[in-house]
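Novice: Got my_file-v7.csv for you, CSV, C-alpha atoms and all ligand atoms:
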chain,number,residue,atom,x,y,z
U,12,MET,CA,19.6,118.1,-144.4
U,13,THR,CA,16.5,120.1,-143.4
U,14,ILE,CA,15.9,123.3,-145.4
U,15,LEU,CA,13.5,126.2,-144.7
U,16,ALA,CA,12.6,127.8,-148.1
U,17,ILE,CA,11.0,131.1,-148.8
U,18,GLU,CA,9.4,132.4,-152.0
U,19,SER,CA,8.0,135.9,-152.5
U,20,SER,CA,8.9,136.8,-156.1
U,21,CYS,CA,5.4,137.9,-157.2
U,22,ASP,CA,2.1,137.8,-155.3
U,23,GLU,CA,2.3,134.6,-153.3
U,24,THR,CA,4.1,134.6,-149.9
U,25,SER,CA,5.2,131.0,-149.4
U,26,ALA,CA,7.4,129.0,-147.0
U,27,ALA,CA,8.2,125.3,-147.0
U,28,VAL,CA,10.3,122.8,-145.1
U,29,ILE,CA,12.2,120.2,-147.1
U,30,GLU,CA,14.0,117.3,-145.5
U,31,ASN,CA,16.3,115.2,-147.6
U,32,SER,CA,14.4,116.4,-150.6
U,33,ALA,CA,10.9,115.4,-149.2
U,34,VAL,CA,8.4,118.1,-148.7
U,35,LEU,CA,7.3,118.3,-145.1
U,36,SER,CA,5.2,121.5,-145.4
U,37,ASN,CA,4.4,124.0,-148.2
U,38,ILE,CA,2.4,127.0,-147.0
U,39,ILE,CA,1.1,129.5,-149.7
U,40,SER,CA,-0.6,132.8,-148.9
U,41,SER,CA,-2.0,134.4,-152.1
U,42,GLN,CA,-2.7,138.1,-152.4
U,43,TYR,CA,-6.2,138.0,-153.9
U,44,PHE,CA,-6.8,141.8,-153.5
U,45,HIS,CA,-4.8,142.5,-156.7
U,46,SER,CA,-7.9,141.4,-158.8
U,47,LYS,CA,-9.7,144.6,-158.2
U,48,PHE,CA,-6.8,146.5,-159.9
U,49,GLY,CA,-6.8,144.1,-162.9
U,50,GLY,CA,-3.2,143.0,-162.3
U,51,VAL,CA,-0.5,142.8,-159.6
U,52,VAL,CA,0.4,146.2,-158.1
U,53,PRO,CA,4.1,145.8,-157.2
U,54,GLU,CA,4.2,148.2,-154.3
U,55,LEU,CA,1.1,146.7,-152.7
U,56,ALA,CA,2.6,143.2,-153.3
U,57,SER,CA,5.7,144.1,-151.3
U,58,ARG,CA,3.7,145.5,-148.4
U,59,ALA,CA,1.5,142.4,-148.3
U,60,HIS,CA,4.6,140.2,-148.3
U,61,LEU,CA,5.9,142.1,-145.3
U,62,LYS,CA,2.7,141.6,-143.4
U,63,ALA,CA,2.4,137.9,-144.2
U,64,ILE,CA,6.0,136.6,-144.2
U,65,SER,CA,6.5,136.0,-140.4
U,66,ARG,CA,3.1,134.2,-140.1
U,67,VAL,CA,3.7,132.0,-143.2
U,68,VAL,CA,7.2,131.0,-142.1
U,69,ASN,CA,6.0,130.1,-138.6
U,70,GLU,CA,3.1,128.2,-140.0
U,71,SER,CA,5.5,126.2,-142.3
U,72,LEU,CA,7.6,125.2,-139.3
U,73,ASP,CA,4.6,124.5,-136.9
U,74,SER,CA,2.7,122.4,-139.4
U,75,CYS,CA,5.5,119.9,-139.6
U,76,GLY,CA,6.5,120.1,-136.0
U,77,LYS,CA,9.9,121.8,-136.6
U,78,THR,CA,11.6,124.8,-135.0
U,79,MET,CA,14.5,126.9,-136.3
U,80,ALA,CA,16.8,124.7,-134.2
U,81,ASP,CA,16.0,121.8,-136.7
U,82,ILE,CA,16.9,123.9,-139.8
U,83,ASP,CA,20.4,123.3,-141.4
U,84,ALA,CA,20.0,125.8,-144.3
U,85,LEU,CA,17.7,128.4,-145.8
U,86,ALA,CA,16.8,128.7,-149.4
U,87,VAL,CA,15.2,131.9,-150.9
U,88,THR,CA,14.1,133.1,-154.3
U,89,SER,CA,16.6,135.8,-155.4
U,90,GLU,CA,15.6,136.2,-159.1
U,91,PRO,CA,13.6,136.9,-161.2
U,92,GLY,CA,10.5,138.7,-160.0
U,93,LEU,CA,9.2,142.0,-158.7
U,94,ILE,CA,12.1,143.7,-157.1
U,95,GLY,CA,10.3,144.9,-153.9
U,96,SER,CA,8.7,141.4,-153.4
U,97,LEU,CA,12.1,139.7,-153.9
U,98,ILE,CA,13.7,142.1,-151.4
U,99,VAL,CA,11.2,141.2,-148.7
U,100,GLY,CA,11.9,137.4,-149.0
U,101,SER,CA,15.6,137.6,-149.4
U,102,ASN,CA,16.1,140.1,-146.5
U,103,PHE,CA,13.9,138.0,-144.2
U,104,ALA,CA,16.1,135.0,-145.1
U,105,LYS,CA,19.2,137.0,-144.5
U,106,ALA,CA,17.9,138.1,-141.1
U,107,LEU,CA,17.1,134.5,-140.1
U,108,SER,CA,20.5,133.5,-141.3
U,109,ILE,CA,22.2,136.0,-139.0
U,110,ARG,CA,19.9,135.3,-136.0
U,111,TYR,CA,20.2,131.5,-136.2
U,112,ASN,CA,23.7,131.2,-137.7
U,113,ILE,CA,22.6,129.1,-140.7
U,114,PRO,CA,23.6,129.6,-144.4
U,115,VAL,CA,21.3,130.8,-147.1
U,116,VAL,CA,21.2,129.4,-150.7
U,117,PRO,CA,19.9,132.0,-153.3
U,118,VAL,CA,17.6,130.3,-155.8
U,119,ASN,CA,16.5,131.2,-159.3
U,120,HIS,CA,12.6,131.1,-159.4
U,121,ILE,CA,12.5,129.6,-163.0
U,122,GLU,CA,14.8,126.8,-161.9
U,123,GLY,CA,12.3,126.1,-159.1
U,124,HIS,CA,9.5,125.7,-161.6
U,125,LEU,CA,11.8,123.8,-164.0
U,126,PHE,CA,12.1,120.9,-161.5
U,127,SER,CA,8.7,121.1,-159.9
U,128,GLY,CA,7.6,117.9,-161.7
U,129,ASN,CA,10.2,116.0,-159.6
U,130,LEU,CA,8.5,117.1,-156.4
U,131,GLN,CA,5.7,114.6,-156.9
U,132,GLU,CA,7.4,111.8,-158.8
U,133,GLU,CA,10.8,110.9,-160.1
U,134,VAL,CA,11.4,112.2,-163.6
U,135,PRO,CA,14.3,110.5,-165.3
U,136,PHE,CA,16.9,112.8,-167.0
U,137,PRO,CA,17.0,114.0,-169.7
U,138,PHE,CA,13.6,115.6,-170.1
U,139,ILE,CA,11.9,118.7,-171.6
U,140,SER,CA,10.5,121.2,-169.2
U,141,LEU,CA,8.0,123.9,-170.4
U,142,VAL,CA,7.7,126.7,-167.8
U,143,VAL,CA,4.6,128.8,-168.4
U,144,SER,CA,3.5,131.4,-166.0
U,145,GLY,CA,2.4,135.0,-165.7
U,146,GLY,CA,5.9,136.3,-166.2
U,147,HIS,CA,7.7,133.5,-168.1
U,148,THR,CA,7.4,131.2,-171.1
U,149,ALA,CA,10.4,129.0,-171.6
U,150,LEU,CA,11.3,125.6,-173.0
U,151,PHE,CA,14.3,123.7,-171.5
U,152,TYR,CA,16.2,120.6,-172.3
U,153,VAL,CA,17.2,119.3,-168.9
U,154,THR,CA,20.1,116.9,-168.4
U,155,SER,CA,20.6,117.1,-164.6
U,156,PHE,CA,19.8,119.3,-161.6
U,157,THR,CA,22.7,121.5,-162.4
U,158,SER,CA,22.7,121.5,-166.3
U,159,TYR,CA,20.1,122.5,-168.8
U,160,GLU,CA,19.8,124.3,-172.1
U,161,ILE,CA,17.3,127.0,-172.9
U,162,MET,CA,15.8,125.9,-176.2
U,163,GLY,CA,13.2,128.8,-176.5
U,164,LEU,CA,11.8,131.8,-174.8
U,165,THR,CA,8.9,134.2,-175.4
U,166,LYS,CA,9.8,137.3,-177.4
U,167,ASP,CA,7.1,139.4,-175.8
U,168,ASP,CA,4.2,138.4,-173.6
U,169,ALA,CA,4.3,135.3,-171.5
U,170,ALA,CA,1.6,132.6,-172.0
U,171,GLY,CA,0.0,133.6,-168.7
U,172,GLU,CA,-0.1,137.3,-169.8
U,173,ALA,CA,-1.8,136.2,-173.0
U,174,PHE,CA,-4.5,134.5,-170.9
U,175,ASP,CA,-4.8,137.5,-168.5
U,176,LYS,CA,-4.8,140.2,-171.2
U,177,THR,CA,-7.4,138.5,-173.4
U,178,ALA,CA,-9.5,137.8,-170.3
U,179,LYS,CA,-9.4,141.5,-169.5
U,180,LEU,CA,-10.6,142.4,-173.0
U,181,LEU,CA,-13.5,140.0,-172.5
U,182,GLY,CA,-14.4,141.7,-169.2
U,183,LEU,CA,-13.2,138.8,-167.0
U,184,PRO,CA,-11.5,139.4,-163.6
U,185,TYR,CA,-7.8,139.0,-162.9
U,186,PRO,CA,-6.1,136.5,-163.0
U,187,GLY,CA,-7.8,135.7,-166.3
U,188,GLY,CA,-6.2,132.2,-166.9
U,189,PRO,CA,-8.5,130.3,-164.5
U,190,GLU,CA,-11.6,132.2,-165.7
U,191,ILE,CA,-10.9,131.4,-169.4
U,192,ASP,CA,-10.2,127.8,-168.4
U,193,LYS,CA,-13.5,127.5,-166.6
U,194,LEU,CA,-15.6,129.0,-169.4
U,195,ALA,CA,-13.7,127.1,-172.1
U,196,LYS,CA,-14.9,123.8,-170.7
U,197,SER,CA,-18.4,124.4,-172.2
U,198,GLY,CA,-17.2,126.1,-175.4
U,199,ASN,CA,-16.2,124.9,-178.9
U,200,PRO,CA,-12.4,125.4,-179.4
U,201,LYS,CA,-13.0,125.6,-183.2
U,202,ALA,CA,-15.7,128.3,-183.1
U,203,TYR,CA,-13.2,131.1,-183.9
U,204,ASN,CA,-9.8,130.9,-185.5
U,205,PHE,CA,-7.3,133.0,-183.6
U,206,PRO,CA,-3.7,133.1,-184.8
U,207,ARG,CA,-1.1,130.6,-183.7
U,208,SER,CA,1.9,133.0,-183.9
U,209,MET,CA,5.3,131.4,-184.5
U,210,MET,CA,3.8,127.9,-184.3
U,211,HIS,CA,5.9,126.8,-187.4
U,212,SER,CA,8.8,129.3,-187.0
U,213,GLY,CA,11.3,126.5,-187.1
U,214,ASP,CA,12.7,127.4,-183.7
U,215,TYR,CA,11.5,127.1,-180.1
U,216,ASN,CA,10.7,130.7,-179.4
U,217,PHE,CA,7.2,132.0,-178.7
U,218,SER,CA,5.2,135.2,-179.3
U,219,PHE,CA,1.9,135.9,-177.7
U,220,SER,CA,1.4,139.7,-178.1
U,221,GLY,CA,-0.3,139.3,-181.5
U,222,LEU,CA,-3.1,137.2,-179.9
U,223,LYS,CA,-4.4,139.9,-177.7
U,224,THR,CA,-4.4,142.4,-180.6
U,225,SER,CA,-6.3,139.9,-182.7
U,226,VAL,CA,-8.9,139.3,-179.9
U,227,ARG,CA,-9.2,143.1,-179.5
U,228,TYR,CA,-10.0,143.6,-183.2
U,229,PHE,CA,-12.3,140.6,-183.2
U,230,ILE,CA,-14.4,142.0,-180.4
U,231,GLN,CA,-14.4,145.5,-182.0
U,232,LYS,CA,-15.7,144.0,-185.3
U,233,GLU,CA,-18.0,141.3,-184.1
U,234,PHE,CA,-19.3,142.6,-180.8
U,235,PRO,CA,-18.9,146.4,-180.7
U,236,ASP,CA,-21.6,146.7,-178.1
U,237,GLY,CA,-20.0,144.1,-175.8
U,238,VAL,CA,-19.6,140.3,-176.0
U,239,PRO,CA,-22.9,138.5,-175.2
U,240,GLU,CA,-22.7,136.1,-172.3
U,241,GLU,CA,-23.7,133.1,-174.5
U,242,LYS,CA,-20.7,133.7,-176.8
U,243,MET,CA,-18.1,133.7,-174.0
U,244,PRO,CA,-17.6,129.9,-173.8
U,245,ASP,CA,-16.8,129.6,-177.5
U,246,ILE,CA,-14.5,132.6,-177.5
U,247,CYS,CA,-12.7,131.4,-174.4
U,248,ALA,CA,-12.3,127.9,-175.8
U,249,SER,CA,-11.0,129.3,-179.1
U,250,VAL,CA,-8.4,131.6,-177.3
U,251,GLN,CA,-7.3,128.8,-175.0
U,252,ALA,CA,-6.9,126.4,-178.0
U,253,ALA,CA,-4.7,128.9,-179.8
U,254,ILE,CA,-2.3,129.2,-176.8
U,255,VAL,CA,-2.4,125.5,-176.0
U,256,ASP,CA,-1.7,124.4,-179.6
U,257,ILE,CA,1.5,126.5,-179.8
U,258,LEU,CA,2.8,125.3,-176.4
U,259,VAL,CA,2.0,121.6,-177.1
U,260,HIS,CA,3.4,121.7,-180.7
U,261,LYS,CA,6.7,123.3,-179.6
U,262,ALA,CA,7.2,121.1,-176.5
U,263,ILE,CA,6.6,117.9,-178.5
U,264,THR,CA,8.8,118.9,-181.4
U,265,ALA,CA,11.6,119.7,-178.8
U,266,ALA,CA,11.1,116.3,-177.2
U,267,LEU,CA,11.3,114.5,-180.5
U,268,GLU,CA,14.4,116.4,-181.6
U,269,LYS,CA,16.1,115.6,-178.3
U,270,LYS,CA,14.8,112.1,-178.2
U,271,VAL,CA,13.5,112.4,-174.6
U,272,LYS,CA,10.7,110.4,-173.1
U,273,SER,CA,9.3,112.9,-170.6
U,274,ILE,CA,7.8,116.4,-170.8
U,275,VAL,CA,7.2,118.4,-167.6
U,276,ILE,CA,4.9,121.3,-167.7
U,277,ALA,CA,5.3,123.8,-164.8
U,278,GLY,CA,4.3,127.3,-163.7
U,279,GLY,CA,0.8,128.8,-163.1
U,280,VAL,CA,-0.4,128.1,-166.7
U,281,SER,CA,0.3,124.4,-166.3
U,282,ALA,CA,-2.8,124.4,-164.1
U,283,ASN,CA,-4.8,124.9,-167.4
U,284,SER,CA,-7.0,121.9,-168.0
U,285,GLY,CA,-6.9,122.2,-171.8
U,286,LEU,CA,-3.1,122.3,-171.7
U,287,ARG,CA,-2.8,119.3,-169.3
U,288,THR,CA,-5.2,117.2,-171.5
U,289,LYS,CA,-3.7,118.1,-174.9
U,290,MET,CA,-0.1,117.7,-173.7
U,291,TYR,CA,-1.0,114.3,-172.2
U,292,ASP,CA,-2.9,113.1,-175.3
U,293,GLU,CA,-0.4,114.3,-177.9
U,294,SER,CA,2.6,113.1,-176.0
U,295,ALA,CA,1.1,109.6,-175.6
U,296,LYS,CA,0.9,109.4,-179.5
U,297,HIS,CA,4.7,109.6,-179.5
U,298,ASN,CA,5.2,107.4,-176.5
U,299,ILE,CA,6.3,110.4,-174.4
U,300,ARG,CA,5.1,110.8,-170.8
U,301,SER,CA,3.7,114.2,-169.9
U,302,ILE,CA,4.0,115.2,-166.2
U,303,ALA,CA,1.9,118.0,-164.8
U,304,PRO,CA,2.5,118.8,-161.1
U,305,MET,CA,-0.4,119.1,-158.7
U,306,MET,CA,-1.8,122.6,-158.3
U,307,SER,CA,0.1,123.6,-155.2
U,308,TYR,CA,3.3,122.9,-157.1
U,309,CYS,CA,2.2,124.6,-160.4
U,310,MET,CA,1.6,128.0,-158.8
U,311,ASP,CA,4.4,129.9,-157.1
U,312,ASN,CA,5.5,127.9,-154.0
U,313,ALA,CA,8.4,127.6,-151.7
U,314,ALA,CA,8.6,123.8,-151.9
U,315,MET,CA,10.1,124.0,-155.4
U,316,ILE,CA,12.7,126.5,-154.1
U,317,GLY,CA,13.8,124.3,-151.2
U,318,TYR,CA,13.8,121.2,-153.4
U,319,ILE,CA,16.1,122.6,-156.1
U,320,ALA,CA,18.4,124.0,-153.5
U,321,SER,CA,18.7,120.6,-151.8
U,322,MET,CA,19.2,118.7,-155.1
U,323,LYS,CA,21.9,121.1,-156.3
U,324,LEU,CA,23.7,120.8,-153.0
U,325,LYS,CA,23.4,117.0,-153.2
U,326,GLU,CA,24.5,116.8,-156.9
U,327,SER,CA,27.5,119.0,-156.4
U,328,GLY,CA,28.4,117.4,-153.1
U,329,THR,CA,28.9,120.8,-151.4
U,330,GLU,CA,27.8,122.2,-148.1
U,331,PRO,CA,26.0,125.5,-148.2
U,332,PHE,CA,28.3,128.3,-147.0
U,333,PHE,CA,27.8,131.7,-145.5
U,334,ASP,CA,27.5,134.4,-148.0
U,335,LEU,CA,24.9,137.1,-147.6
U,336,SER,CA,26.3,139.3,-150.4
U,337,PHE,CA,23.9,137.9,-153.0
U,338,LYS,CA,21.6,140.5,-154.6
U,339,VAL,CA,18.1,140.3,-155.9
U,340,ASN,CA,17.5,140.7,-159.7
U,341,SER,CA,14.2,141.4,-161.4
U,342,ASN,CA,15.1,140.5,-165.0
U,343,ALA,CA,12.7,138.0,-166.7
U,344,LEU,CA,14.0,135.7,-169.5
U,345,ARG,CA,13.1,137.0,-172.9
U,346,ALA,CA,14.2,136.0,-176.4
U,347,LYS,CA,16.0,138.7,-178.4
U,348,LYS,CA,13.8,140.3,-181.0
U,349,LYS,CA,15.3,140.3,-184.5
X,401,LIG,O1,3.4,130.8,-161.7
X,401,LIG,P1,2.4,131.8,-161.4
X,401,LIG,O2,1.5,131.5,-160.2
X,401,LIG,O3,3.0,133.2,-161.1
X,401,LIG,C1,4.0,133.7,-161.9
X,401,LIG,O4,5.2,133.4,-161.7
X,401,LIG,O5,3.6,134.4,-162.9
X,401,LIG,O6,1.5,132.0,-162.7
X,401,LIG,C2,0.4,132.9,-162.7
X,401,LIG,C3,-0.2,132.8,-164.1
X,401,LIG,C4,-1.3,133.9,-164.3
X,401,LIG,O7,-1.1,134.5,-165.6
X,401,LIG,C5,-2.6,133.0,-164.4
X,401,LIG,O8,-3.6,133.6,-165.2
X,401,LIG,C6,-2.1,131.7,-164.9
X,401,LIG,O9,-0.8,131.5,-164.3
X,401,LIG,N1,-3.0,130.6,-164.6
X,401,LIG,C7,-3.7,130.0,-165.6
X,401,LIG,C8,-4.5,129.0,-164.9
X,401,LIG,N2,-4.2,129.1,-163.5
X,401,LIG,C9,-3.3,130.1,-163.4
X,401,LIG,N3,-3.7,130.1,-166.9
X,401,LIG,C10,-4.5,129.3,-167.6
X,401,LIG,N4,-5.3,128.4,-167.0
X,401,LIG,C11,-5.4,128.2,-165.7
X,401,LIG,N5,-6.1,127.3,-165.1
X,402,ZN,ZN,6.3,131.5,-161.0
Let me see the structure of the file written as structure tokens.
Specialist:
Amino acid sequence: MTILAIESSCDETSAAVIENSAVLSNIISSQYFHSKFGGVVPELASRAHLKAISRVVNESLDSCGKTMADIDALAVTSEPGLIGSLIVGSNFAKALSIRYNIPVVPVNHIEGHLFSGNLQEEVPFPFISLVVSGGHTALFYVTSFTSYEIMGLTKDDAAGEAFDKTAKLLGLPYPGGPEIDKLAKSGNPKAYNFPRSMMHSGDYNFSFSGLKTSVRYFIQKEFPDGVPEEKMPDICASVQAAIVDILVHKAITAALEKKVKSIVIAGGVSANSGLRTKMYDESAKHNIRSIAPMMSYCMDNAAMIGYIASMKLKESGTEPFFDLSFKVNSNALRAKKK
């Protein structure tokens, strides 16, 4: 089966062609202009998706020598994400469906990230998947392509938001995650002690909103006239260490509890070099394999959307059917606050 997948839930317009679960193309067009606003502006994101989507879809077909006549089914992200952005992708898919008489499979974006480790290598079930992005922080116990348990969620900010918001306080451009990652490489992670909220809470939920408050007070107290450039690497390394320590501790504790042998990290924050290294090193101590997808599968991409659609169809043994009544839904996963 050949699937054309579309992803447009946030600020990446992406299209991919998946054939029998192999990725033939994965085109990603990123909206870099949001950086001058310090974050994604939803209305501008939707308009940019509208402009890019036709070109991106054509490129995904052309680059692997396919045409719409070769496509058996469409897959599109229907939730969660920015509502206007989701509408652009899902309506484009519905229009293609009507024009070419092929069914559309609506896909949950988080499920796409959840299985993105499998895009590059086979990850035997069961495994733990840590999805960490700008909008989501969630820990899953995954037993098949159609069954998984949510073990923990963030109660407030996502891990990516923690990177982006602290970076903003430090005067770094958006998105702040890669900037902190870059500066942290030459800094001392033990230079400053930022809080590791909920690290030992006894559950698998997360809370990152306290970190940005703590960084704000720290800057006000220590550097009221602005953070000197030479202090930035140490601060970035210390902030990164606080976030990474929590993520690694919870993921490994979950893997030990569930007695699994693999941990997959996915979502934009899984590109973080500190997280990749620490997860790898700490997992190895427990004889657990840590799998971090390559960068184009870490960020938002349509390959992961097409892949999970194809694997779900395969596992359930069903053919995709025509139903264009599915709706988009913006709601992100959050743990209930007590
Ligand atoms: O998955 P993604 O591309 O989009 C969402 O679904 O949110 O994730 C974007 C997030 C941003 O918060 C960005 O700062 C973060 O991923 N990010 C990183 C790194 N690269 C991207 N965070 C830390 N270190 C990185 N190297
Ligand atoms: Zn994402």
Novice: List as a PyMOL selection string the protein and nucleic acid residues lying within 7 Å of ligand LIG 401 (chain X), with only C-alpha atoms and all ligand atoms counted.
Specialist: chain U and resi 21+144-147+171-172+174-175+186-189+191-192+278-284+309-311
Novice: Taking only C-alpha atoms into account, name the residue in U:Thr264, U:Ser273, U:Asn119, U:Ser218 that is nearest to Asp167 in chain U.
Specialist: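 Using only C-alpha atoms, the shortest distance to Asp167 in chain U belongs to U:Ser218.
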Novice: Which residue, U:Asn199, U:Ser127, U:Thr154, U:Ser65, has the smallest gap to ligand ZN 402 (chain X) when you use all atoms listed in the file?
Specialist: U:Ser127
Novice: Which is closer to ligand ZN 402 (chain X) than all the others in U:Tyr159, U:Tyr185, U:Phe136, U:Tyr308, using only C-alpha atoms and all ligand atoms?
Specialist: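 Checking each candidate against ligand ZN 402 (chain X), we get U:Tyr308 as the closest.
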Novice: Can you measure CA of Tyr228 in chain U to CA of Lys166 in chain U for me? One decimal in Å is fine.
Specialist: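 Those two atoms sit 21.6 Å apart.
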Novice: Work out how far apart CA of Ala262 in chain U and CA of Ser140 in chain U are and give it in Å to one decimal.
Specialist: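 If I compute the distance from CA of Ala262 in chain U to CA of Ser140 in chain U, I get 8.0 Å.
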Novice: Using the structure block above, produce a file of range 155-231 of chain U that contains C-alpha atoms, as a PDB file, in the first residue's frame.
Specialist:
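What follows is the written file selection_5.pdb:
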ATOM      1  CA  SER U 155       1.677  -2.624  19.986  1.00  0.00           C
ATOM      2  CA  PHE U 156       0.888  -0.157  17.206  1.00  0.00           C
ATOM      3  CA  THR U 157      -2.687  -0.013  18.450  1.00  0.00           C
ATOM      4  CA  SER U 158      -2.262  -0.256  22.226  1.00  0.00           C
ATOM      5  CA  TYR U 159      -0.358   1.868  24.680  1.00  0.00           C
ATOM      6  CA  GLU U 160      -0.777   3.287  28.179  1.00  0.00           C
ATOM      7  CA  ILE U 161      -0.145   6.918  29.104  1.00  0.00           C
ATOM      8  CA  MET U 162       2.084   6.671  32.188  1.00  0.00           C
ATOM      9  CA  GLY U 163       2.674  10.397  32.701  1.00  0.00           C
ATOM     10  CA  LEU U 164       2.030  13.853  31.303  1.00  0.00           C
ATOM     11  CA  THR U 165       3.130  17.379  32.036  1.00  0.00           C
ATOM     12  CA  LYS U 166       0.887  19.332  34.377  1.00  0.00           C
ATOM     13  CA  ASP U 167       1.809  22.678  32.862  1.00  0.00           C
ATOM     14  CA  ASP U 168       4.587  23.594  30.400  1.00  0.00           C
ATOM     15  CA  ALA U 169       5.975  21.057  27.959  1.00  0.00           C
ATOM     16  CA  ALA U 170       9.750  20.353  28.042  1.00  0.00           C
ATOM     17  CA  GLY U 171      10.203  22.297  24.787  1.00  0.00           C
ATOM     18  CA  GLU U 172       8.333  25.240  26.302  1.00  0.00           C
ATOM     19  CA  ALA U 173      10.720  25.130  29.270  1.00  0.00           C
ATOM     20  CA  PHE U 174      13.656  25.403  26.848  1.00  0.00           C
ATOM     21  CA  ASP U 175      11.967  28.137  24.785  1.00  0.00           C
ATOM     22  CA  LYS U 176      10.798  30.240  27.754  1.00  0.00           C
ATOM     23  CA  THR U 177      14.087  30.122  29.655  1.00  0.00           C
ATOM     24  CA  ALA U 178      15.944  30.929  26.418  1.00  0.00           C
ATOM     25  CA  LYS U 179      13.712  33.984  25.991  1.00  0.00           C
ATOM     26  CA  LEU U 180      14.581  35.140  29.540  1.00  0.00           C
ATOM     27  CA  LEU U 181      18.242  34.808  28.561  1.00  0.00           C
ATOM     28  CA  GLY U 182      17.673  36.938  25.454  1.00  0.00           C
ATOM     29  CA  LEU U 183      18.121  34.037  23.020  1.00  0.00           C
ATOM     30  CA  PRO U 184      16.064  33.771  19.826  1.00  0.00           C
ATOM     31  CA  TYR U 185      13.089  31.425  19.262  1.00  0.00           C
ATOM     32  CA  PRO U 186      13.093  28.440  19.200  1.00  0.00           C
ATOM     33  CA  GLY U 187      15.298  28.460  22.274  1.00  0.00           C
ATOM     34  CA  GLY U 188      15.914  24.704  22.571  1.00  0.00           C
ATOM     35  CA  PRO U 189      18.606  24.476  19.876  1.00  0.00           C
ATOM     36  CA  GLU U 190      20.214  27.735  21.149  1.00  0.00           C
ATOM     37  CA  ILE U 191      20.491  26.429  24.719  1.00  0.00           C
ATOM     38  CA  ASP U 192      21.773  23.103  23.386  1.00  0.00           C
ATOM     39  CA  LYS U 193      24.513  24.897  21.388  1.00  0.00           C
ATOM     40  CA  LEU U 194      25.691  27.109  24.267  1.00  0.00           C
ATOM     41  CA  ALA U 195      25.435  24.286  26.833  1.00  0.00           C
ATOM     42  CA  LYS U 196      28.130  22.333  24.980  1.00  0.00           C
ATOM     43  CA  SER U 197      30.875  24.603  26.368  1.00  0.00           C
ATOM     44  CA  GLY U 198      29.279  25.150  29.797  1.00  0.00           C
ATOM     45  CA  ASN U 199      29.412  23.454  33.202  1.00  0.00           C
ATOM     46  CA  PRO U 200      26.068  21.733  33.984  1.00  0.00           C
ATOM     47  CA  LYS U 201      26.846  21.911  37.721  1.00  0.00           C
ATOM     48  CA  ALA U 202      27.602  25.660  37.765  1.00  0.00           C
ATOM     49  CA  TYR U 203      24.086  26.562  38.986  1.00  0.00           C
ATOM     50  CA  ASN U 204      21.512  24.412  40.701  1.00  0.00           C
ATOM     51  CA  PHE U 205      18.081  24.865  39.145  1.00  0.00           C
ATOM     52  CA  PRO U 206      15.101  22.907  40.537  1.00  0.00           C
ATOM     53  CA  ARG U 207      14.237  19.412  39.321  1.00  0.00           C
ATOM     54  CA  SER U 208      10.490  19.694  39.970  1.00  0.00           C
ATOM     55  CA  MET U 209       8.595  16.448  40.571  1.00  0.00           C
ATOM     56  CA  MET U 210      11.731  14.399  39.933  1.00  0.00           C
ATOM     57  CA  HIS U 211      10.922  12.212  42.946  1.00  0.00           C
ATOM     58  CA  SER U 212       7.140  12.683  42.954  1.00  0.00           C
ATOM     59  CA  GLY U 213       6.582   8.922  42.870  1.00  0.00           C
ATOM     60  CA  ASP U 214       4.562   9.162  39.657  1.00  0.00           C
ATOM     61  CA  TYR U 215       5.413   9.785  36.027  1.00  0.00           C
ATOM     62  CA  ASN U 216       3.982  13.285  35.643  1.00  0.00           C
ATOM     63  CA  PHE U 217       6.102  16.338  34.950  1.00  0.00           C
ATOM     64  CA  SER U 218       6.029  20.043  35.819  1.00  0.00           C
ATOM     65  CA  PHE U 219       8.292  22.560  34.105  1.00  0.00           C
ATOM     66  CA  SER U 220       6.633  25.898  34.845  1.00  0.00           C
ATOM     67  CA  GLY U 221       8.647  26.355  38.089  1.00  0.00           C
ATOM     68  CA  LEU U 222      11.926  26.218  36.170  1.00  0.00           C
ATOM     69  CA  LYS U 223      11.290  29.383  34.173  1.00  0.00           C
ATOM     70  CA  THR U 224      10.220  31.221  37.356  1.00  0.00           C
ATOM     71  CA  SER U 225      13.376  30.070  39.072  1.00  0.00           C
ATOM     72  CA  VAL U 226      15.522  31.223  36.115  1.00  0.00           C
ATOM     73  CA  ARG U 227      13.709  34.595  36.102  1.00  0.00           C
ATOM     74  CA  TYR U 228      14.440  35.167  39.844  1.00  0.00           C
ATOM     75  CA  PHE U 229      18.015  33.954  39.380  1.00  0.00           C
ATOM     76  CA  ILE U 230      18.658  36.495  36.598  1.00  0.00           C
ATOM     77  CA  GLN U 231      16.985  39.316  38.569  1.00  0.00           C
TER      78      GLN U 231
END
